[in-house]
file protein.pdb (PDB, C-alpha atoms)
ATOM      1  CA  MET U 300       0.000   0.000   0.000  1.00  0.00           C
ATOM      2  CA  ALA U 301       2.927   2.411   0.501  1.00  0.00           C
ATOM      3  CA  GLY U 302       3.007   2.955  -3.235  1.00  0.00           C
ATOM      4  CA  HIS U 303      -0.439   4.515  -2.964  1.00  0.00           C
ATOM      5  CA  SER U 304       0.795   6.936  -0.310  1.00  0.00           C
ATOM      6  CA  LYS U 305       3.709   7.943  -2.538  1.00  0.00           C
ATOM      7  CA  TRP U 306       1.356   8.365  -5.501  1.00  0.00           C
ATOM      8  CA  ALA U 307      -0.833  10.669  -3.385  1.00  0.00           C
ATOM      9  CA  ASN U 308       2.261  12.739  -2.539  1.00  0.00           C
ATOM     10  CA  ILE U 309       3.164  13.057  -6.231  1.00  0.00           C
ATOM     11  CA  LYS U 310      -0.370  14.250  -7.012  1.00  0.00           C
ATOM     12  CA  ARG U 311      -0.266  16.783  -4.163  1.00  0.00           C
ATOM     13  CA  LYS U 312       3.022  18.218  -5.468  1.00  0.00           C
ATOM     14  CA  LYS U 313       1.539  18.548  -8.941  1.00  0.00           C
ATOM     15  CA  GLN U 314      -1.519  20.273  -7.490  1.00  0.00           C
ATOM     16  CA  ALA U 315       0.720  22.738  -5.658  1.00  0.00           C
ATOM     17  CA  MET U 316       2.306  23.719  -8.978  1.00  0.00           C
ATOM     18  CA  ASP U 317      -0.988  23.618 -10.861  1.00  0.00           C
ATOM     19  CA  ALA U 318      -2.025  26.897 -12.475  1.00  0.00           C
ATOM     20  CA  LYS U 319      -5.661  25.763 -12.148  1.00  0.00           C
ATOM     21  CA  ARG U 320      -5.755  26.333  -8.395  1.00  0.00           C
ATOM     22  CA  GLY U 321      -9.263  27.727  -8.720  1.00  0.00           C
ATOM     23  CA  LYS U 322     -10.434  24.258  -9.732  1.00  0.00           C
ATOM     24  CA  LEU U 323      -8.843  22.726  -6.639  1.00  0.00           C
ATOM     25  CA  PHE U 324     -10.385  25.381  -4.384  1.00  0.00           C
ATOM     26  CA  THR U 325     -13.813  24.767  -5.939  1.00  0.00           C
ATOM     27  CA  LYS U 326     -13.580  21.054  -5.132  1.00  0.00           C
ATOM     28  CA  LEU U 327     -12.452  21.780  -1.578  1.00  0.00           C
ATOM     29  CA  ALA U 328     -15.274  24.299  -1.106  1.00  0.00           C
ATOM     30  CA  ARG U 329     -17.812  21.710  -2.258  1.00  0.00           C
ATOM     31  CA  GLU U 330     -16.446  19.169   0.216  1.00  0.00           C
ATOM     32  CA  ILE U 331     -16.675  21.753   3.016  1.00  0.00           C
ATOM     33  CA  GLN U 332     -20.246  22.654   2.017  1.00  0.00           C
ATOM     34  CA  ILE U 333     -21.382  19.027   2.002  1.00  0.00           C
ATOM     35  CA  ALA U 334     -19.701  18.356   5.352  1.00  0.00           C
ATOM     36  CA  ALA U 335     -21.233  21.455   6.980  1.00  0.00           C
ATOM     37  CA  ARG U 336     -24.665  20.612   5.538  1.00  0.00           C
ATOM     38  CA  GLN U 337     -24.565  17.072   6.902  1.00  0.00           C
ATOM     39  CA  GLY U 338     -23.006  17.648  10.312  1.00  0.00           C
ATOM     40  CA  GLY U 339     -23.195  21.354  11.116  1.00  0.00           C
ATOM     41  CA  PRO U 340     -20.631  24.181  11.040  1.00  0.00           C
ATOM     42  CA  ASP U 341     -18.588  23.203  14.116  1.00  0.00           C
ATOM     43  CA  PRO U 342     -15.481  21.128  13.237  1.00  0.00           C
ATOM     44  CA  GLU U 343     -15.133  20.099  16.884  1.00  0.00           C
ATOM     45  CA  THR U 344     -18.300  18.035  16.597  1.00  0.00           C
ATOM     46  CA  ASN U 345     -18.169  17.339  12.852  1.00  0.00           C
ATOM     47  CA  LEU U 346     -15.244  15.096  11.959  1.00  0.00           C
ATOM     48  CA  ARG U 347     -15.914  15.215   8.242  1.00  0.00           C
ATOM     49  CA  LEU U 348     -15.814  19.016   8.297  1.00  0.00           C
ATOM     50  CA  ARG U 349     -12.587  18.947  10.319  1.00  0.00           C
ATOM     51  CA  LEU U 350     -10.963  16.689   7.698  1.00  0.00           C
ATOM     52  CA  ALA U 351     -12.193  18.919   4.863  1.00  0.00           C
ATOM     53  CA  LEU U 352     -10.791  22.002   6.600  1.00  0.00           C
ATOM     54  CA  GLU U 353      -7.433  20.302   7.075  1.00  0.00           C
ATOM     55  CA  LYS U 354      -7.263  19.590   3.324  1.00  0.00           C
ATOM     56  CA  ALA U 355      -8.245  23.163   2.484  1.00  0.00           C
ATOM     57  CA  ARG U 356      -5.632  24.686   4.770  1.00  0.00           C
ATOM     58  CA  ALA U 357      -2.948  22.324   3.483  1.00  0.00           C
ATOM     59  CA  ALA U 358      -3.752  23.597  -0.041  1.00  0.00           C
ATOM     60  CA  ASN U 359      -3.482  27.225   1.175  1.00  0.00           C
ATOM     61  CA  MET U 360      -7.119  27.911   0.383  1.00  0.00           C
ATOM     62  CA  PRO U 361      -7.966  31.503   1.404  1.00  0.00           C
ATOM     63  CA  LYS U 362      -9.614  31.808   4.800  1.00  0.00           C
ATOM     64  CA  GLU U 363     -12.555  33.796   3.429  1.00  0.00           C
ATOM     65  CA  ASN U 364     -13.288  31.031   0.878  1.00  0.00           C
ATOM     66  CA  ILE U 365     -13.299  28.450   3.660  1.00  0.00           C
ATOM     67  CA  GLU U 366     -15.602  30.472   5.891  1.00  0.00           C
ATOM     68  CA  ARG U 367     -17.995  31.204   3.010  1.00  0.00           C
ATOM     69  CA  ALA U 368     -18.228  27.498   2.155  1.00  0.00           C
ATOM     70  CA  ILE U 369     -19.037  26.636   5.793  1.00  0.00           C
ATOM     71  CA  ARG U 370     -21.760  29.289   5.938  1.00  0.00           C
ATOM     72  CA  LYS U 371     -23.315  28.145   2.663  1.00  0.00           C
ATOM     73  CA  GLY U 372     -23.271  24.500   3.680  1.00  0.00           C
ATOM     74  CA  ALA U 373     -24.807  25.254   7.069  1.00  0.00           C
ATOM     75  CA  GLY U 374     -27.536  27.381   5.460  1.00  0.00           C
ATOM     76  CA  LEU U 375     -26.237  30.571   7.053  1.00  0.00           C
ATOM     77  CA  GLU U 376     -25.637  32.266   3.698  1.00  0.00           C
ATOM     78  CA  SER U 377     -27.617  32.200   0.484  1.00  0.00           C
ATOM     79  CA  GLY U 378     -26.167  31.008  -2.797  1.00  0.00           C
ATOM     80  CA  GLY U 379     -25.170  27.505  -1.802  1.00  0.00           C
ATOM     81  CA  GLU U 380     -25.195  25.063  -4.714  1.00  0.00           C
ATOM     82  CA  ALA U 381     -27.715  22.218  -4.791  1.00  0.00           C
ATOM     83  CA  LEU U 382     -24.934  19.693  -4.427  1.00  0.00           C
ATOM     84  CA  GLU U 383     -25.350  15.942  -4.260  1.00  0.00           C
ATOM     85  CA  GLU U 384     -22.880  13.160  -3.623  1.00  0.00           C
ATOM     86  CA  ILE U 385     -22.831  10.109  -5.871  1.00  0.00           C
ATOM     87  CA  THR U 386     -20.458   7.163  -6.109  1.00  0.00           C
ATOM     88  CA  TYR U 387     -20.144   5.728  -9.604  1.00  0.00           C
ATOM     89  CA  GLU U 388     -18.594   2.366 -10.398  1.00  0.00           C
ATOM     90  CA  GLY U 389     -16.471   1.623 -13.420  1.00  0.00           C
ATOM     91  CA  TYR U 390     -13.451  -0.004 -14.970  1.00  0.00           C
ATOM     92  CA  ALA U 391     -10.172   1.495 -16.089  1.00  0.00           C
ATOM     93  CA  PRO U 392      -8.081  -0.183 -18.807  1.00  0.00           C
ATOM     94  CA  HIS U 393      -6.981  -3.782 -18.093  1.00  0.00           C
ATOM     95  CA  GLY U 394     -10.075  -4.408 -15.954  1.00  0.00           C
ATOM     96  CA  ILE U 395      -8.994  -2.306 -12.960  1.00  0.00           C
ATOM     97  CA  ALA U 396     -12.024  -1.626 -10.741  1.00  0.00           C
ATOM     98  CA  LEU U 397     -12.865   1.982  -9.870  1.00  0.00           C
ATOM     99  CA  MET U 398     -15.012   3.675  -7.247  1.00  0.00           C
ATOM    100  CA  ILE U 399     -15.532   7.269  -8.403  1.00  0.00           C
ATOM    101  CA  GLN U 400     -16.772   9.741  -5.790  1.00  0.00           C
ATOM    102  CA  VAL U 401     -18.592  12.737  -7.249  1.00  0.00           C
ATOM    103  CA  THR U 402     -19.878  15.980  -5.747  1.00  0.00           C
ATOM    104  CA  THR U 403     -21.974  17.793  -8.328  1.00  0.00           C
ATOM    105  CA  ASP U 404     -24.826  20.175  -9.028  1.00  0.00           C
ATOM    106  CA  ASN U 405     -25.470  18.420 -12.363  1.00  0.00           C
ATOM    107  CA  ARG U 406     -25.635  14.646 -12.305  1.00  0.00           C
ATOM    108  CA  LYS U 407     -26.076  14.302 -16.088  1.00  0.00           C
ATOM    109  CA  ARG U 408     -22.965  16.368 -16.806  1.00  0.00           C
ATOM    110  CA  ALA U 409     -20.912  14.441 -14.273  1.00  0.00           C
ATOM    111  CA  VAL U 410     -21.743  10.994 -15.604  1.00  0.00           C
ATOM    112  CA  ALA U 411     -21.304  12.092 -19.233  1.00  0.00           C
ATOM    113  CA  GLU U 412     -17.806  13.429 -18.553  1.00  0.00           C
ATOM    114  CA  ILE U 413     -16.774  10.322 -16.613  1.00  0.00           C
ATOM    115  CA  ARG U 414     -18.108   8.031 -19.343  1.00  0.00           C
ATOM    116  CA  HIS U 415     -16.229  10.044 -21.995  1.00  0.00           C
ATOM    117  CA  VAL U 416     -12.862   9.709 -20.216  1.00  0.00           C
ATOM    118  CA  LEU U 417     -13.304   5.992 -19.571  1.00  0.00           C
ATOM    119  CA  SER U 418     -14.526   5.049 -23.047  1.00  0.00           C
ATOM    120  CA  LYS U 419     -11.843   7.132 -24.759  1.00  0.00           C
ATOM    121  CA  HIS U 420      -9.068   5.376 -22.860  1.00  0.00           C
ATOM    122  CA  GLY U 421     -10.194   1.751 -22.838  1.00  0.00           C
ATOM    123  CA  GLY U 422     -12.389   1.708 -19.752  1.00  0.00           C
ATOM    124  CA  SER U 423     -16.132   1.626 -19.134  1.00  0.00           C
ATOM    125  CA  MET U 424     -18.859   2.551 -16.675  1.00  0.00           C
ATOM    126  CA  GLY U 425     -20.138  -0.264 -14.488  1.00  0.00           C
ATOM    127  CA  GLU U 426     -23.617  -1.145 -13.291  1.00  0.00           C
ATOM    128  CA  SER U 427     -24.485  -0.363  -9.679  1.00  0.00           C
ATOM    129  CA  GLY U 428     -22.990  -3.101  -7.512  1.00  0.00           C
ATOM    130  CA  SER U 429     -20.705  -4.464 -10.226  1.00  0.00           C
ATOM    131  CA  VAL U 430     -17.592  -3.053  -8.544  1.00  0.00           C
ATOM    132  CA  ALA U 431     -18.572  -2.076  -4.992  1.00  0.00           C
ATOM    133  CA  TRP U 432     -18.389  -5.654  -3.704  1.00  0.00           C
ATOM    134  CA  GLN U 433     -14.627  -5.568  -4.298  1.00  0.00           C
ATOM    135  CA  PHE U 434     -14.172  -2.689  -1.816  1.00  0.00           C
ATOM    136  CA  GLU U 435     -14.960  -1.866   1.797  1.00  0.00           C
ATOM    137  CA  GLN U 436     -15.055   1.550   3.430  1.00  0.00           C
ATOM    138  CA  LYS U 437     -12.405   2.027   6.090  1.00  0.00           C
ATOM    139  CA  GLY U 438     -10.715   4.789   7.991  1.00  0.00           C
ATOM    140  CA  TYR U 439      -7.332   5.595   6.457  1.00  0.00           C
ATOM    141  CA  MET U 440      -4.501   7.760   7.796  1.00  0.00           C
ATOM    142  CA  VAL U 441      -0.979   8.557   6.651  1.00  0.00           C
ATOM    143  CA  ILE U 442       1.346   9.571   9.489  1.00  0.00           C
ATOM    144  CA  PRO U 443       5.004  10.647   9.049  1.00  0.00           C
ATOM    145  CA  THR U 444       7.305   8.431  11.097  1.00  0.00           C
ATOM    146  CA  GLN U 445       9.816  11.274  11.670  1.00  0.00           C
ATOM    147  CA  GLY U 446      12.588   8.829  12.491  1.00  0.00           C
ATOM    148  CA  ARG U 447      10.696   7.172  15.334  1.00  0.00           C
ATOM    149  CA  ASP U 448      11.129   3.497  16.102  1.00  0.00           C
ATOM    150  CA  GLU U 449       8.950   1.583  13.637  1.00  0.00           C
ATOM    151  CA  GLU U 450       8.094  -1.245  16.024  1.00  0.00           C
ATOM    152  CA  GLU U 451       6.944   1.239  18.678  1.00  0.00           C
ATOM    153  CA  LEU U 452       4.819   3.083  16.107  1.00  0.00           C
ATOM    154  CA  PHE U 453       3.323  -0.179  14.898  1.00  0.00           C
ATOM    155  CA  MET U 454       2.349  -1.243  18.412  1.00  0.00           C
ATOM    156  CA  ALA U 455       1.015   2.224  19.277  1.00  0.00           C
ATOM    157  CA  ALA U 456      -1.307   2.179  16.268  1.00  0.00           C
ATOM    158  CA  LEU U 457      -2.587  -1.312  17.073  1.00  0.00           C
ATOM    159  CA  GLU U 458      -3.161  -0.351  20.715  1.00  0.00           C
ATOM    160  CA  ALA U 459      -5.104   2.686  19.505  1.00  0.00           C
ATOM    161  CA  GLY U 460      -7.483   0.316  17.729  1.00  0.00           C
ATOM    162  CA  ALA U 461      -6.131   0.115  14.178  1.00  0.00           C
ATOM    163  CA  ASP U 462      -7.083  -2.892  12.058  1.00  0.00           C
ATOM    164  CA  ASP U 463      -3.942  -2.839   9.947  1.00  0.00           C
ATOM    165  CA  VAL U 464      -0.677  -0.877   9.850  1.00  0.00           C
ATOM    166  CA  GLU U 465       2.025  -0.605   7.192  1.00  0.00           C
ATOM    167  CA  ILE U 466       5.257   1.354   7.609  1.00  0.00           C
ATOM    168  CA  THR U 467       7.616   2.231   4.778  1.00  0.00           C
ATOM    169  CA  ASP U 468       9.216   5.240   3.064  1.00  0.00           C
ATOM    170  CA  ASP U 469       9.079   7.338   6.261  1.00  0.00           C
ATOM    171  CA  VAL U 470       5.294   7.050   6.613  1.00  0.00           C
ATOM    172  CA  MET U 471       2.915   4.843   8.553  1.00  0.00           C
ATOM    173  CA  GLU U 472      -0.373   3.941   6.878  1.00  0.00           C
ATOM    174  CA  VAL U 473      -3.126   3.113   9.351  1.00  0.00           C
ATOM    175  CA  TYR U 474      -6.440   1.403   8.552  1.00  0.00           C
ATOM    176  CA  THR U 475      -9.422   1.253  10.890  1.00  0.00           C
ATOM    177  CA  ALA U 476     -12.980  -0.004  10.863  1.00  0.00           C
ATOM    178  CA  ARG U 477     -15.298   2.763   9.654  1.00  0.00           C
ATOM    179  CA  GLU U 478     -16.996   3.079  13.032  1.00  0.00           C
ATOM    180  CA  ASP U 479     -13.650   3.277  14.900  1.00  0.00           C
ATOM    181  CA  PHE U 480     -12.070   5.913  12.645  1.00  0.00           C
ATOM    182  CA  ALA U 481     -12.711   9.025  14.770  1.00  0.00           C
ATOM    183  CA  GLN U 482     -11.694   7.357  18.033  1.00  0.00           C
ATOM    184  CA  VAL U 483      -8.466   5.841  16.629  1.00  0.00           C
ATOM    185  CA  ARG U 484      -7.503   9.145  15.028  1.00  0.00           C
ATOM    186  CA  GLN U 485      -8.042  11.029  18.296  1.00  0.00           C
ATOM    187  CA  THR U 486      -6.056   8.435  20.263  1.00  0.00           C
ATOM    188  CA  LEU U 487      -3.133   8.692  17.836  1.00  0.00           C
ATOM    189  CA  GLU U 488      -3.230  12.491  17.969  1.00  0.00           C
ATOM    190  CA  ASP U 489      -3.157  12.317  21.771  1.00  0.00           C
ATOM    191  CA  MET U 490       0.048  10.278  21.372  1.00  0.00           C
ATOM    192  CA  GLY U 491       1.536  13.056  19.253  1.00  0.00           C
ATOM    193  CA  LEU U 492       0.979  11.173  16.000  1.00  0.00           C
ATOM    194  CA  THR U 493      -0.760  13.693  13.729  1.00  0.00           C
ATOM    195  CA  PRO U 494      -1.926  12.415  10.308  1.00  0.00           C
ATOM    196  CA  GLU U 495      -0.888  14.345   7.209  1.00  0.00           C
ATOM    197  CA  GLU U 496      -3.714  12.599   5.353  1.00  0.00           C
ATOM    198  CA  SER U 497      -6.910  11.278   6.905  1.00  0.00           C
ATOM    199  CA  GLU U 498     -10.178  10.089   5.348  1.00  0.00           C
ATOM    200  CA  LEU U 499     -12.854   7.455   5.055  1.00  0.00           C
ATOM    201  CA  ALA U 500     -11.643   5.600   1.972  1.00  0.00           C
ATOM    202  CA  TRP U 501     -12.857   2.817  -0.304  1.00  0.00           C
ATOM    203  CA  VAL U 502     -10.191   0.161   0.260  1.00  0.00           C
ATOM    204  CA  PRO U 503     -10.003  -2.814  -2.137  1.00  0.00           C
ATOM    205  CA  LYS U 504     -10.229  -6.283  -0.627  1.00  0.00           C
ATOM    206  CA  ASN U 505      -7.649  -7.506  -3.144  1.00  0.00           C
ATOM    207  CA  ARG U 506      -5.267  -5.621  -5.423  1.00  0.00           C
ATOM    208  CA  VAL U 507      -4.405  -6.336  -9.048  1.00  0.00           C
ATOM    209  CA  THR U 508      -0.813  -6.249 -10.267  1.00  0.00           C
ATOM    210  CA  LEU U 509      -0.087  -5.033 -13.799  1.00  0.00           C
ATOM    211  CA  ALA U 510       3.068  -4.539 -15.815  1.00  0.00           C
ATOM    212  CA  PRO U 511       4.553  -1.064 -15.121  1.00  0.00           C
ATOM    213  CA  GLU U 512       3.546   0.370 -18.509  1.00  0.00           C
ATOM    214  CA  GLU U 513      -0.032  -0.910 -18.088  1.00  0.00           C
ATOM    215  CA  ALA U 514      -0.200   0.433 -14.529  1.00  0.00           C
ATOM    216  CA  LEU U 515       1.054   3.822 -15.721  1.00  0.00           C
ATOM    217  CA  LYS U 516      -1.768   3.974 -18.290  1.00  0.00           C
ATOM    218  CA  VAL U 517      -4.325   3.232 -15.577  1.00  0.00           C
ATOM    219  CA  MET U 518      -2.810   5.843 -13.251  1.00  0.00           C
ATOM    220  CA  LYS U 519      -3.023   8.493 -15.965  1.00  0.00           C
ATOM    221  CA  VAL U 520      -6.685   7.649 -16.602  1.00  0.00           C
ATOM    222  CA  ILE U 521      -7.392   7.974 -12.874  1.00  0.00           C
ATOM    223  CA  GLU U 522      -5.673  11.363 -12.826  1.00  0.00           C
ATOM    224  CA  MET U 523      -7.774  12.474 -15.820  1.00  0.00           C
ATOM    225  CA  LEU U 524     -10.904  11.470 -13.933  1.00  0.00           C
ATOM    226  CA  GLU U 525      -9.792  13.317 -10.812  1.00  0.00           C
ATOM    227  CA  ASP U 526      -9.150  16.407 -12.927  1.00  0.00           C
ATOM    228  CA  LEU U 527     -12.859  16.586 -13.829  1.00  0.00           C
ATOM    229  CA  ASP U 528     -14.668  19.371 -11.973  1.00  0.00           C
ATOM    230  CA  ASP U 529     -17.288  17.056 -10.459  1.00  0.00           C
ATOM    231  CA  VAL U 530     -14.983  14.221  -9.380  1.00  0.00           C
ATOM    232  CA  ALA U 531     -13.814  14.420  -5.778  1.00  0.00           C
ATOM    233  CA  LYS U 532     -11.776  11.191  -5.516  1.00  0.00           C
ATOM    234  CA  VAL U 533     -11.131   7.946  -7.369  1.00  0.00           C
ATOM    235  CA  TYR U 534     -10.281   4.668  -5.647  1.00  0.00           C
ATOM    236  CA  SER U 535      -8.990   1.610  -7.480  1.00  0.00           C
ATOM    237  CA  ASN U 536      -7.801  -1.933  -6.852  1.00  0.00           C
ATOM    238  CA  LEU U 537      -4.526  -1.303  -8.703  1.00  0.00           C
ATOM    239  CA  GLU U 538      -1.300  -2.372  -7.001  1.00  0.00           C
ATOM    240  CA  VAL U 539       0.942   0.602  -7.771  1.00  0.00           C
ATOM    241  CA  PRO U 540       4.425  -0.515  -8.934  1.00  0.00           C
ATOM    242  CA  GLU U 541       7.497   1.570  -8.115  1.00  0.00           C
ATOM    243  CA  GLU U 542       8.538   1.733 -11.779  1.00  0.00           C
ATOM    244  CA  ALA U 543       5.215   3.352 -12.714  1.00  0.00           C
ATOM    245  CA  LEU U 544       5.568   5.880  -9.889  1.00  0.00           C
ATOM    246  CA  THR U 545       9.021   6.858 -11.109  1.00  0.00           C
ATOM    247  CA  ALA U 546       7.732   7.361 -14.641  1.00  0.00           C
ATOM    248  CA  LEU U 547       4.721   9.356 -13.425  1.00  0.00           C
ATOM    249  CA  GLU U 548       6.864  11.626 -11.253  1.00  0.00           C
ATOM    250  CA  ALA U 549       9.138  12.364 -14.197  1.00  0.00           C
ATOM    251  CA  ALA U 550       6.212  13.132 -16.533  1.00  0.00           C
TER     252      ALA U 550
END
call {"tool": "encode", "arguments": {"input": "protein.pdb", "output": "structure tokens"}}
result
Amino acid sequence: MAGHSKWANIKRKKQAMDAKRGKLFTKLAREIQIAARQGGPDPETNLRLRLALEKARAANMPKENIERAIRKGAGLESGGEALEEITYEGYAPHGIALMIQVTTDNRKRAVAEIRHVLSKHGGSMGESGSVAWQFEQKGYMVIPTQGRDEEELFMAALEAGADDVEITDDVMEVYTAREDFAQVRQTLEDMGLTPEESELAWVPKNRVTLAPEEALKVMKVIEMLEDLDDVAKVYSNLEVPEEALTALEAA
């Protein structure tokens, strides 16, 4: 799984250099609006909002944009979009399964754009339920190890209630049951272990290994999907090979 953490870091670096920062801020604002609408405007009692705010601040989103999105989502300011969340299922090239999370004010536009990217690059949309059975929703955190003893970190995460822990490349990836996510995160933070990435993620039950050039093609299709205005996040069952990461980073 560490390859997926490294891939996320590559994408974050590209976003930081991306001239289309307005697009990134729009996606973050939508996530904040949805979170505030569902759980209220207080991040102390709304974990999803707290996670969305962390992402926004990490991307240097202006404070006034963040506050406006919270007010709109909580119904404290007019002009909020009629947003809905949808998870589409599909296949990338070489049969790689995809869970595509969308936040949109136009469902028809969203699905048409996703279908266009997939069909153009050798993938396809899937029927409802055709892919979801291959995934389960879990809490997921990436925590920098900062030179700490790996065995101690491993045991600390398990004692905090983690289901699974992987440590490599100076990061610890922690998985939890969905219902334990908030508690495990808080326990780790109380230990001084602050996640640099934290979310409820669709985690594949099994991963598929491809040749590096095939994996690279799939990764580029996933990045094209994530570049669509309405797509918030794409999860796959691809096992990310190091060779493909190196090629992607150099691209």
call {"tool": "residues_around", "arguments": {"input": "protein.pdb", "residues": "Arg347 of chain U", "least_positions_apart": "2", "cutoff": "10 Å", "atoms": "all atoms listed in the file", "output": "PyMOL selection string"}}
result
chain U and resi 330-331+333-335+337-339+342-345+349-353+481+497-499
call {"tool": "write_last_selection", "arguments": {"input": "protein.pdb", "atoms": "C-alpha atoms", "output": "CSV table (one decimal), in the frame of the given file"}}
result
chain,number,residue,atom,x,y,z
U,330,GLU,CA,-16.4,19.2,0.2
U,331,ILE,CA,-16.7,21.8,3.0
U,333,ILE,CA,-21.4,19.0,2.0
U,334,ALA,CA,-19.7,18.4,5.4
U,335,ALA,CA,-21.2,21.5,7.0
U,337,GLN,CA,-24.6,17.1,6.9
U,338,GLY,CA,-23.0,17.6,10.3
U,339,GLY,CA,-23.2,21.4,11.1
U,342,PRO,CA,-15.5,21.1,13.2
U,343,GLU,CA,-15.1,20.1,16.9
U,344,THR,CA,-18.3,18.0,16.6
U,345,ASN,CA,-18.2,17.3,12.9
U,349,ARG,CA,-12.6,18.9,10.3
U,350,LEU,CA,-11.0,16.7,7.7
U,351,ALA,CA,-12.2,18.9,4.9
U,352,LEU,CA,-10.8,22.0,6.6
U,353,GLU,CA,-7.4,20.3,7.1
U,481,ALA,CA,-12.7,9.0,14.8
U,497,SER,CA,-6.9,11.3,6.9
U,498,GLU,CA,-10.2,10.1,5.3
U,499,LEU,CA,-12.9,7.5,5.1
call {"tool": "resolve_selection", "arguments": {"input": "protein.pdb", "expression": "the PyMOL selection byres ((chain U and resi 533) around 7)", "output": "PyMOL selection string"}}
result
chain U and resi 397-400+521+525+532+534-535
call {"tool": "closest_residue", "arguments": {"input": "protein.pdb", "among": "U:Thr325, U:Asn405, U:Ser427, U:Ser418", "to": "Thr386 of chain U", "atoms": "all atoms listed in the file"}}
result
U:Ser427
call {"tool": "axis_aligned_box", "arguments": {"input": "protein.pdb", "around": "segment 441-446 of chain U", "padding_each_side": "8 Å", "output": "lines of an AutoDock Vina configuration file"}}
result
center_x = 5.8
center_y = 9.9
center_z = 9.6
size_x = 29.6
size_y = 18.8
size_z = 21.8
call {"tool": "atom_distance", "arguments": {"input": "protein.pdb", "atom1": "atom CA of Glu478 of chain U", "atom2": "atom CA of Gly428 of chain U"}}
result
22.3 Å
call {"tool": "closest_residue", "arguments": {"input": "protein.pdb", "among": "U:Ala431, U:Ala459, U:Ile466, U:Leu452", "to": "Lys504 of chain U", "atoms": "all atoms listed in the file"}}
result
U:Ala431
call {"tool": "resolve_selection", "arguments": {"input": "protein.pdb", "expression": "the PyMOL selection byres ((chain U and resi 324) around 9)", "output": "ChimeraX atom specification"}}
result
/U:320-323,325-329,355,358,360-361,364
call {"tool": "atom_distance", "arguments": {"input": "protein.pdb", "atom1": "atom CA of Glu388 of chain U", "atom2": "atom CA of Val473 of chain U"}}
result
25.1 Å
call {"tool": "resolve_selection", "arguments": {"input": "protein.pdb", "expression": "the PyMOL selection byres ((chain U and resi 480) around 12)", "output": "PyMOL selection string"}}
result
chain U and resi 346-347+350+436-440+456+459-462+473-479+481-487+497-500
call {"tool": "residues_around", "arguments": {"input": "protein.pdb", "residues": "Glu449 of chain U", "least_positions_apart": "5", "cutoff": "12 Å", "atoms": "only C-alpha atoms", "output": "list in words"}}
result
Ile442, Pro443, Thr444, Met454, Ala455, Ala456, Val464, Glu465, Ile466, Thr467, Asp468, Asp469, Val470, Met471 and Glu472 of chain U
call {"tool": "closest_residue", "arguments": {"input": "protein.pdb", "among": "U:Ala357, U:Leu382, U:Leu492, U:Ile395", "to": "Asp529 of chain U", "atoms": "all atoms listed in the file"}}
result
U:Leu382
call {"tool": "atom_distance", "arguments": {"input": "protein.pdb", "atom1": "atom CA of Val410 of chain U", "atom2": "atom CA of Leu527 of chain U"}}
result
10.6 Å
call {"tool": "residues_around", "arguments": {"input": "protein.pdb", "residues": "Arg336 of chain U", "least_positions_apart": "5", "cutoff": "9 Å", "atoms": "only C-alpha atoms", "output": "compact mmCIF listing (two decimals) with C-alpha atoms, in the coordinates of the input"}}
result
# COMPACT_ATOMS: atom_id res chain seq x y z
CA ILE U 331 -16.68 21.75 3.02
CA ILE U 369 -19.04 26.64 5.79
CA LYS U 371 -23.32 28.14 2.66
CA GLY U 372 -23.27 24.50 3.68
CA ALA U 373 -24.81 25.25 7.07
CA GLY U 374 -27.54 27.38 5.46
call {"tool": "residues_around", "arguments": {"input": "protein.pdb", "residues": "Thr403 of chain U", "least_positions_apart": "2", "cutoff": "9 Å", "atoms": "only C-alpha atoms", "output": "ChimeraX atom specification"}}
result
/U:329,380-385,401,405-406,408-409,528-530
call {"tool": "closest_residue", "arguments": {"input": "protein.pdb", "among": "U:Leu537, U:Val507, U:Met518, U:Val441", "to": "Pro494 of chain U", "atoms": "only C-alpha atoms"}}
result
U:Val441
call {"tool": "closest_residue", "arguments": {"input": "protein.pdb", "among": "U:Val430, U:Val520, U:Glu548, U:Glu451", "to": "Arg414 of chain U", "atoms": "only C-alpha atoms"}}
result
U:Val520
call {"tool": "decode", "arguments": {"input": "protein.pdb", "residues": "segment 365-372 of chain U", "atoms": "N, CA and C atoms", "output": "PDB file, in the first residue's frame"}}
result
ATOM      1  N   ILE U 365     -12.940  29.529   2.739  1.00  0.00           N
ATOM      2  CA  ILE U 365     -13.299  28.450   3.660  1.00  0.00           C
ATOM      3  C   ILE U 365     -14.522  28.842   4.477  1.00  0.00           C
ATOM      4  N   GLU U 366     -14.493  30.043   5.033  1.00  0.00           N
ATOM      5  CA  GLU U 366     -15.602  30.472   5.891  1.00  0.00           C
ATOM      6  C   GLU U 366     -16.898  30.603   5.096  1.00  0.00           C
ATOM      7  N   ARG U 367     -16.802  31.077   3.846  1.00  0.00           N
ATOM      8  CA  ARG U 367     -17.995  31.204   3.010  1.00  0.00           C
ATOM      9  C   ARG U 367     -18.603  29.830   2.718  1.00  0.00           C
ATOM     10  N   ALA U 368     -17.736  28.852   2.440  1.00  0.00           N
ATOM     11  CA  ALA U 368     -18.228  27.498   2.155  1.00  0.00           C
ATOM     12  C   ALA U 368     -18.928  26.900   3.375  1.00  0.00           C
ATOM     13  N   ILE U 369     -18.394  27.144   4.567  1.00  0.00           N
ATOM     14  CA  ILE U 369     -19.037  26.636   5.793  1.00  0.00           C
ATOM     15  C   ILE U 369     -20.403  27.269   5.961  1.00  0.00           C
ATOM     16  N   ARG U 370     -20.478  28.591   5.760  1.00  0.00           N
ATOM     17  CA  ARG U 370     -21.760  29.289   5.938  1.00  0.00           C
ATOM     18  C   ARG U 370     -22.800  28.802   4.933  1.00  0.00           C
ATOM     19  N   LYS U 371     -22.382  28.623   3.684  1.00  0.00           N
ATOM     20  CA  LYS U 371     -23.315  28.145   2.663  1.00  0.00           C
ATOM     21  C   LYS U 371     -23.802  26.736   2.990  1.00  0.00           C
ATOM     22  N   GLY U 372     -22.885  25.872   3.368  1.00  0.00           N
ATOM     23  CA  GLY U 372     -23.271  24.500   3.680  1.00  0.00           C
ATOM     24  C   GLY U 372     -24.207  24.406   4.864  1.00  0.00           C
TER      25      GLY U 372
END
